[in-house]
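Notes follow once the structure below has been shown.
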Amino acid sequence: MSGPSTASDAPITDHRQLVEVLASGEKPRAAWRIGTEHEKFGFRLDDLRPPAFDGERGIEALLTGLTRFGWQPYAENGRVIALAREGASVTLEPAGQLELSGAPLETLHQTCKEVGTHLREVREVADELQLGFLGMGFQPKWRREDMPWMPKGRYQIMKAYMPKVGRLGLDMMTRTCTVQVNLDYASEADMVKKFRVSLALQPIATALFADSPFTEGKPNGYQSYRSHIWTDTDPDRTGMLDFVFEDGFGYERYVDYLLDVPMYFSHRDGIYHDASGQSFRDFLVGRLPALPGALPTLRDWNDHMTTAFPEVRLKKYLEMRGADSGPWNRICALPAFWVGLLYDDAALDAAWDLVKDFTLAERHALRDGVPRHALDLPFRNGSVRDLAREALKIALDGLRRRARADACGADETGFLTPLLEIAESGQTPAQRKLELFHGPWQGSVDPVFREFAY
């Protein structure tokens, strides 16, 4: 989840300004970048419990320790809650899940190096605090009541609002972790095509990255329980956005969608004003109950855009949001999958050919079935595994044609290796952990914190 927006405080005086925010994301191909984000669970090495914010071994101490590497602290009410360095940031999810939002980079080699550097820095400080970090989609051991809350104003507002609109919103906030990639578009038409392809194929990414089979120490019947949680979080701001596939879709239609997403807050003068459930449309005409007479700014609009949580999200770029978090090599594989599909014209055409005749019912069947069945979900005359193989072949060809080599001459295709192995074996990360749980781990999830920690 995002922190406060750095957008302008200029007031919004015309509806077109909202559309122009999205249009301003258009970039020529030479300026397209890759922004990779991932979240991870912290745990104390002695008792495996999530660390609190305060204390000698707390999350704030970890953030403060990371400043030795040149990260600049960001404080809210005098407490360090985020870091920034060279276009990247380190932020906190509601229960202290640590998130790296990477800088916009040109190649997968660069973004994977960035992830590796970050994990090494975190490991150095965490070792001193006797903490560890784990990449999975859902907290495998602890109850919702066991999770701490970070002192961020927006999270307190969301904490109060979530139970009003869904059963699992608080679990989404406190017990999930994801990896995602943010990618650019050249024009409105390019955005539309990429949006449609990535929405239709998002369940395939969910299946390949499925890694959340445990709840409170026991198998939960899902392979991506994280993905299932989004189906009962808040129907006003989640889902597959069927309107993206309708004729005439573009920036204007997405703005209309955002205006119908209920607000959470307005952040002004360092204060989060609770506007949960209120309408941005009312805000535009000075009738927001939380701030009577006030008009929104572009900062308010940018904040509001971050409070919609569909499977693919449009801001000034497209965010792919369907994957469980995981180990280092899968963090690198997620951007490789989507860059291969979307940043090469021939690959984008082939990906569209793969999904363009999916019906609305089929898209929803994929979205609804994949959290439980992952690659084994039947689809037409085959399975999601077959779709994954097709999509990976297209992505592989796209990365070959990109031909971005590292210093040793290797292209970017190697970053897809973990996904190719998953598709070839048919065994997801979740199924592998379940196999260990029922075998060598003897019915305990505790070994996951040792064997799969960064």
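For the structure tokens, the naming scheme is as follows: chains receive sequential letters (A, B, ...) according to their order of presentation, residues are indexed from 1 within each chain, and ligands are indexed from 1 in presentation order.
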
Open item on the list: At a cut-off of 6 Å, using only C-alpha atoms, what residues contact Val384 of chain A? Leave out same-chain residues fewer than 3 positions from it and give the result as a ChimeraX atom specification.
Closed with: /A:375,377,387

Open item on the list: Give me, as a ChimeraX atom specification, all polymer residues having an atom no more than 7 Å from segment 332-336 of chain A, counting only C-alpha atoms and skipping those fewer than 6 positions away in the same chain.
Closed with: /A:36,108,112,180-181,415-416,418-419

Could the residues in this selection be written to a file with N, CA and C atoms, as a compact mmCIF listing (two decimals), in the first residue's frame?
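Result written to result-v4.txt:
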# COMPACT_ATOMS: atom_id res chain seq x y z
N THR A 36 9.59 -2.78 -9.84
CA THR A 36 9.23 -4.02 -9.15
C THR A 36 9.01 -3.75 -7.66
N LEU A 108 15.64 -5.98 -16.69
CA LEU A 108 15.41 -6.94 -15.61
C LEU A 108 16.69 -7.22 -14.84
N CYS A 112 16.57 -6.90 -10.81
CA CYS A 112 16.90 -8.06 -9.98
C CYS A 112 18.11 -7.76 -9.09
N GLN A 180 4.68 -7.42 -7.24
CA GLN A 180 4.02 -6.86 -8.41
C GLN A 180 5.03 -6.08 -9.24
N VAL A 181 4.62 -5.77 -10.48
CA VAL A 181 5.47 -4.97 -11.36
C VAL A 181 4.63 -3.87 -11.98
N PHE A 415 15.57 -15.13 -16.25
CA PHE A 415 14.74 -14.80 -15.10
C PHE A 415 13.41 -15.55 -15.11
N LEU A 416 13.05 -16.14 -16.25
CA LEU A 416 11.82 -16.93 -16.33
C LEU A 416 12.01 -18.37 -15.87
N PRO A 418 12.50 -20.05 -13.06
CA PRO A 418 11.66 -20.63 -12.00
C PRO A 418 10.23 -20.91 -12.43
N LEU A 419 9.68 -20.04 -13.28
CA LEU A 419 8.31 -20.24 -13.75
C LEU A 419 8.23 -21.37 -14.77

Task: Counting only C-alpha atoms, the residue of A:Thr13, A:Thr117, A:Ser266, A:Ser325 that sits nearest Thr176 of chain A - done: A:Ser325

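Closest approach to Ala103 of chain A from the set A:Asp300, A:Ser89, A:Tyr74, A:Phe379 is made by A:Ser89, with distances taken over only C-alpha atoms.
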
TODO: Using only C-alpha atoms, pick whichever of A:Lys141, A:Ala186, A:Pro151, A:Glu93 has the shortest atom-to-atom distance to Met173 of chain A.
DONE: A:Glu93

Open item on the list: Residues near segment 16-23 of chain A, anyone? I mean within 6 Å using only C-alpha atoms, not counting same-chain ones fewer than 6 positions away, as a PyMOL selection string.
Closed with: chain A and resi 251-252+316

Generate a file of the selected residues that holds N, CA and C atoms, formatted as a compact mmCIF listing (two decimals), in the first residue's frame.
# COMPACT_ATOMS: atom_id res chain seq x y z
N TYR A 251 -9.15 6.12 -20.76
CA TYR A 251 -8.89 6.87 -19.54
C TYR A 251 -10.17 7.38 -18.88
N GLU A 252 -11.07 7.91 -19.71
CA GLU A 252 -12.31 8.50 -19.18
C GLU A 252 -13.13 7.47 -18.41
N LYS A 316 -0.36 6.10 -13.36
CA LYS A 316 0.36 6.63 -14.52
C LYS A 316 1.14 5.50 -15.18

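Among the candidate residues A:Asp236, A:Glu412, A:Asp184, A:Glu451, the one lying nearest to Thr111 of chain A is A:Glu412, with distances computed using only C-alpha atoms.
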
TODO: as a ChimeraX atom specification, list the residues of segment 108-287 of chain A assigned to strand (DSSP E or B) by DSSP on the backbone atoms of this structure.
DONE: /A:131-134,138,176,178-183,212,214-215,218-219,224,238-239,265-268,271-274

Those same residues - C-alpha atoms - I'd like them written as a tab-separated table (two decimals), in the first residue's frame.
chain	number	residue	atom	x	y	z
A	131	LEU	CA	14.93	-10.98	13.02
A	132	GLY	CA	14.24	-12.90	9.83
A	133	PHE	CA	12.13	-12.27	6.73
A	134	LEU	CA	9.97	-14.63	4.72
A	138	PHE	CA	-0.16	-15.41	3.45
A	176	THR	CA	-0.82	-11.02	3.05
A	178	THR	CA	2.56	-9.81	-2.78
A	179	VAL	CA	5.04	-9.12	-5.55
A	180	GLN	CA	4.02	-6.86	-8.41
A	181	VAL	CA	5.47	-4.97	-11.36
A	182	ASN	CA	4.59	-1.54	-12.72
A	183	LEU	CA	4.88	-1.08	-16.49
A	212	SER	CA	-0.15	-19.41	0.50
A	214	PHE	CA	-1.48	-22.44	5.28
A	215	THR	CA	-3.63	-20.57	7.78
A	218	LYS	CA	-2.75	-25.81	9.02
A	219	PRO	CA	-3.53	-26.36	5.32
A	224	SER	CA	-3.22	-18.96	-3.13
A	238	THR	CA	-11.56	-5.07	-6.15
A	239	GLY	CA	-12.11	-7.54	-8.96
A	265	PHE	CA	-9.35	9.67	3.62
A	266	SER	CA	-7.93	13.05	2.66
A	267	HIS	CA	-4.38	13.74	3.86
A	268	ARG	CA	-3.91	17.44	4.66
A	271	ILE	CA	-3.48	14.78	9.22
A	272	TYR	CA	-5.52	11.91	7.77
A	273	HIS	CA	-9.14	13.08	7.68
A	274	ASP	CA	-11.50	10.11	7.81

- [ ] Would you please give, as a ChimeraX atom specification, all residues of segment 77-323 of chain A that DSSP assigns to helix (DSSP H, G or I) based on the backbone?
- [x] /A:108-129,144-146,153-165,169-175,188-208,225-232,242-245,251-260,280-284,298-305

Please produce an output containing C-alpha atoms for each residue in the selection, written as an mmCIF file, in the first residue's frame.
data_model
loop_
_atom_site.group_PDB
_atom_site.id
_atom_site.type_symbol
_atom_site.label_atom_id
_atom_site.label_comp_id
_atom_site.auth_asym_id
_atom_site.auth_seq_id
_atom_site.Cartn_x
_atom_site.Cartn_y
_atom_site.Cartn_z
ATOM 1 C CA LEU A 108 15.412 -6.943 -15.615
ATOM 2 C CA HIS A 109 19.092 -7.311 -14.786
ATOM 3 C CA GLN A 110 18.955 -3.974 -12.999
ATOM 4 C CA THR A 111 15.731 -4.634 -11.162
ATOM 5 C CA CYS A 112 16.897 -8.057 -9.979
ATOM 6 C CA LYS A 113 20.172 -6.561 -8.776
ATOM 7 C CA GLU A 114 18.160 -3.943 -6.886
ATOM 8 C CA VAL A 115 16.120 -6.667 -5.170
ATOM 9 C CA GLY A 116 19.258 -8.574 -4.244
ATOM 10 C CA THR A 117 20.938 -5.479 -2.822
ATOM 11 C CA HIS A 118 17.858 -4.670 -0.758
ATOM 12 C CA LEU A 119 17.613 -8.191 0.656
ATOM 13 C CA ARG A 120 21.296 -8.161 1.615
ATOM 14 C CA GLU A 121 20.885 -4.825 3.388
ATOM 15 C CA VAL A 122 17.799 -6.038 5.244
ATOM 16 C CA ARG A 123 19.576 -9.254 6.215
ATOM 17 C CA GLU A 124 22.539 -7.353 7.693
ATOM 18 C CA VAL A 125 20.350 -5.215 9.935
ATOM 19 C CA ALA A 126 17.880 -8.006 10.718
ATOM 20 C CA ASP A 127 20.679 -10.334 11.870
ATOM 21 C CA GLU A 128 21.724 -7.720 14.426
ATOM 22 C CA LEU A 129 18.139 -7.531 15.705
ATOM 23 C CA ARG A 144 -5.101 -12.014 12.870
ATOM 24 C CA GLU A 145 -5.143 -11.129 16.584
ATOM 25 C CA ASP A 146 -1.416 -11.885 16.832
ATOM 26 C CA GLY A 153 -2.892 7.232 9.976
ATOM 27 C CA ARG A 154 -4.377 5.766 6.827
ATOM 28 C CA TYR A 155 -4.260 2.249 8.281
ATOM 29 C CA GLN A 156 -6.319 3.210 11.321
ATOM 30 C CA ILE A 157 -9.044 4.545 9.025
ATOM 31 C CA MET A 158 -8.952 1.418 6.871
ATOM 32 C CA LYS A 159 -8.924 -0.837 9.946
ATOM 33 C CA ALA A 160 -12.228 0.645 11.093
ATOM 34 C CA TYR A 161 -13.823 0.605 7.627
ATOM 35 C CA MET A 162 -12.832 -2.843 6.318
ATOM 36 C CA PRO A 163 -15.179 -4.940 8.502
ATOM 37 C CA LYS A 164 -18.116 -2.902 7.184
ATOM 38 C CA VAL A 165 -17.612 -4.062 3.587
ATOM 39 C CA GLY A 169 -10.242 -7.120 4.629
ATOM 40 C CA LEU A 170 -8.319 -7.113 7.904
ATOM 41 C CA ASP A 171 -6.586 -10.323 6.839
ATOM 42 C CA MET A 172 -5.661 -8.657 3.547
ATOM 43 C CA MET A 173 -4.114 -5.804 5.492
ATOM 44 C CA THR A 174 -2.235 -7.777 8.132
ATOM 45 C CA ARG A 175 -1.537 -11.264 6.792
ATOM 46 C CA GLU A 188 -4.297 5.314 -24.680
ATOM 47 C CA ALA A 189 -4.698 2.512 -27.235
ATOM 48 C CA ASP A 190 -1.508 0.833 -25.979
ATOM 49 C CA MET A 191 -2.758 1.115 -22.407
ATOM 50 C CA VAL A 192 -6.079 -0.470 -23.330
ATOM 51 C CA LYS A 193 -4.475 -3.441 -25.075
ATOM 52 C CA LYS A 194 -2.012 -4.040 -22.228
ATOM 53 C CA PHE A 195 -4.759 -3.655 -19.621
ATOM 54 C CA ARG A 196 -6.950 -6.253 -21.339
ATOM 55 C CA VAL A 197 -4.128 -8.757 -21.833
ATOM 56 C CA SER A 198 -2.865 -8.419 -18.278
ATOM 57 C CA LEU A 199 -6.335 -8.678 -16.720
ATOM 58 C CA ALA A 200 -7.150 -11.801 -18.706
ATOM 59 C CA LEU A 201 -3.813 -13.435 -17.845
ATOM 60 C CA GLN A 202 -3.611 -12.291 -14.210
ATOM 61 C CA PRO A 203 -5.060 -15.617 -12.976
ATOM 62 C CA ILE A 204 -2.223 -17.385 -14.800
ATOM 63 C CA ALA A 205 0.307 -15.384 -12.791
ATOM 64 C CA THR A 206 -1.673 -16.171 -9.630
ATOM 65 C CA ALA A 207 -1.434 -19.881 -10.425
ATOM 66 C CA LEU A 208 2.296 -19.864 -11.200
ATOM 67 C CA TYR A 225 -5.254 -18.043 -0.100
ATOM 68 C CA ARG A 226 -3.980 -14.484 -0.569
ATOM 69 C CA SER A 227 -5.807 -14.337 -3.883
ATOM 70 C CA HIS A 228 -8.981 -15.756 -2.327
ATOM 71 C CA ILE A 229 -8.921 -13.080 0.376
ATOM 72 C CA TRP A 230 -9.398 -10.363 -2.244
ATOM 73 C CA THR A 231 -12.761 -11.902 -3.182
ATOM 74 C CA ASP A 232 -14.190 -10.943 0.232
ATOM 75 C CA ASP A 242 -15.274 -6.232 -16.776
ATOM 76 C CA PHE A 243 -15.737 -2.760 -18.276
ATOM 77 C CA VAL A 244 -12.096 -2.792 -19.435
ATOM 78 C CA PHE A 245 -13.147 -5.231 -22.174
ATOM 79 C CA TYR A 251 -8.888 6.871 -19.542
ATOM 80 C CA GLU A 252 -12.307 8.499 -19.181
ATOM 81 C CA ARG A 253 -14.037 5.245 -18.294
ATOM 82 C CA TYR A 254 -11.375 4.361 -15.718
ATOM 83 C CA VAL A 255 -11.788 7.789 -14.107
ATOM 84 C CA ASP A 256 -15.530 7.137 -13.871
ATOM 85 C CA TYR A 257 -14.759 3.854 -12.100
ATOM 86 C CA LEU A 258 -12.428 5.580 -9.639
ATOM 87 C CA LEU A 259 -15.016 8.248 -8.900
ATOM 88 C CA ASP A 260 -17.422 5.473 -7.897
ATOM 89 C CA PHE A 280 -15.045 11.749 -4.403
ATOM 90 C CA ARG A 281 -17.782 13.110 -6.675
ATOM 91 C CA ASP A 282 -19.099 15.065 -3.677
ATOM 92 C CA PHE A 283 -15.544 16.203 -2.932
ATOM 93 C CA LEU A 284 -15.296 17.677 -6.446
ATOM 94 C CA LEU A 298 -4.238 16.533 -7.363
ATOM 95 C CA ARG A 299 -2.603 15.103 -4.252
ATOM 96 C CA ASP A 300 -6.035 13.943 -3.064
ATOM 97 C CA TRP A 301 -6.711 12.366 -6.453
ATOM 98 C CA ASN A 302 -3.378 10.541 -6.511
ATOM 99 C CA ASP A 303 -4.024 9.248 -2.992
ATOM 100 C CA HIS A 304 -7.501 8.114 -4.026
ATOM 101 C CA MET A 305 -6.148 6.190 -7.026
#

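With distances restricted to only C-alpha atoms, A:Gly414 is the closest residue to Leu396 of chain A from A:Gly70, A:Gly414, A:Pro289, A:Gly409.
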
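With only C-alpha atoms as the atoms that count, the minimum distance from Pro51 of chain A to the choices A:Pro104, A:Gly96, A:Gly35, A:Pro28 is reached by A:Gly96.
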
Task: Phe449 of chain A environment, 12 Å, only C-alpha atoms, sequence neighbours closer than 3 positions dropped, as a ChimeraX atom specification - done: /A:40-50,131-136,139-141,217,433,441,444-446,452-454

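The space between atom CA of Ala365 of chain A and atom CA of Pro327 of chain A spans 28.3 Å.
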
Open item on the list: I'd like the interatomic distance between atom CA of Leu354 of chain A and atom CA of Ile394 of chain A, to a tenth of an Å.
Closed with: 9.7 Å

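Summary of the local environment: counting only C-alpha atoms, residues at most 10 Å from Gln427 of chain A, other than itself and those fewer than 2 positions away along its chain, are Leu208, Ala210, Ala374, Leu375, Asp376, Arg385, Glu421, Ile422, Ala423, Glu424, Ser425, Pro429, Ala430, Gln431 and Arg432 of chain A.
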
Task: One-decimal distance in Å that lies between atom CA of Trp338 of chain A and atom CA of Arg33 of chain A - done: 12.1 Å
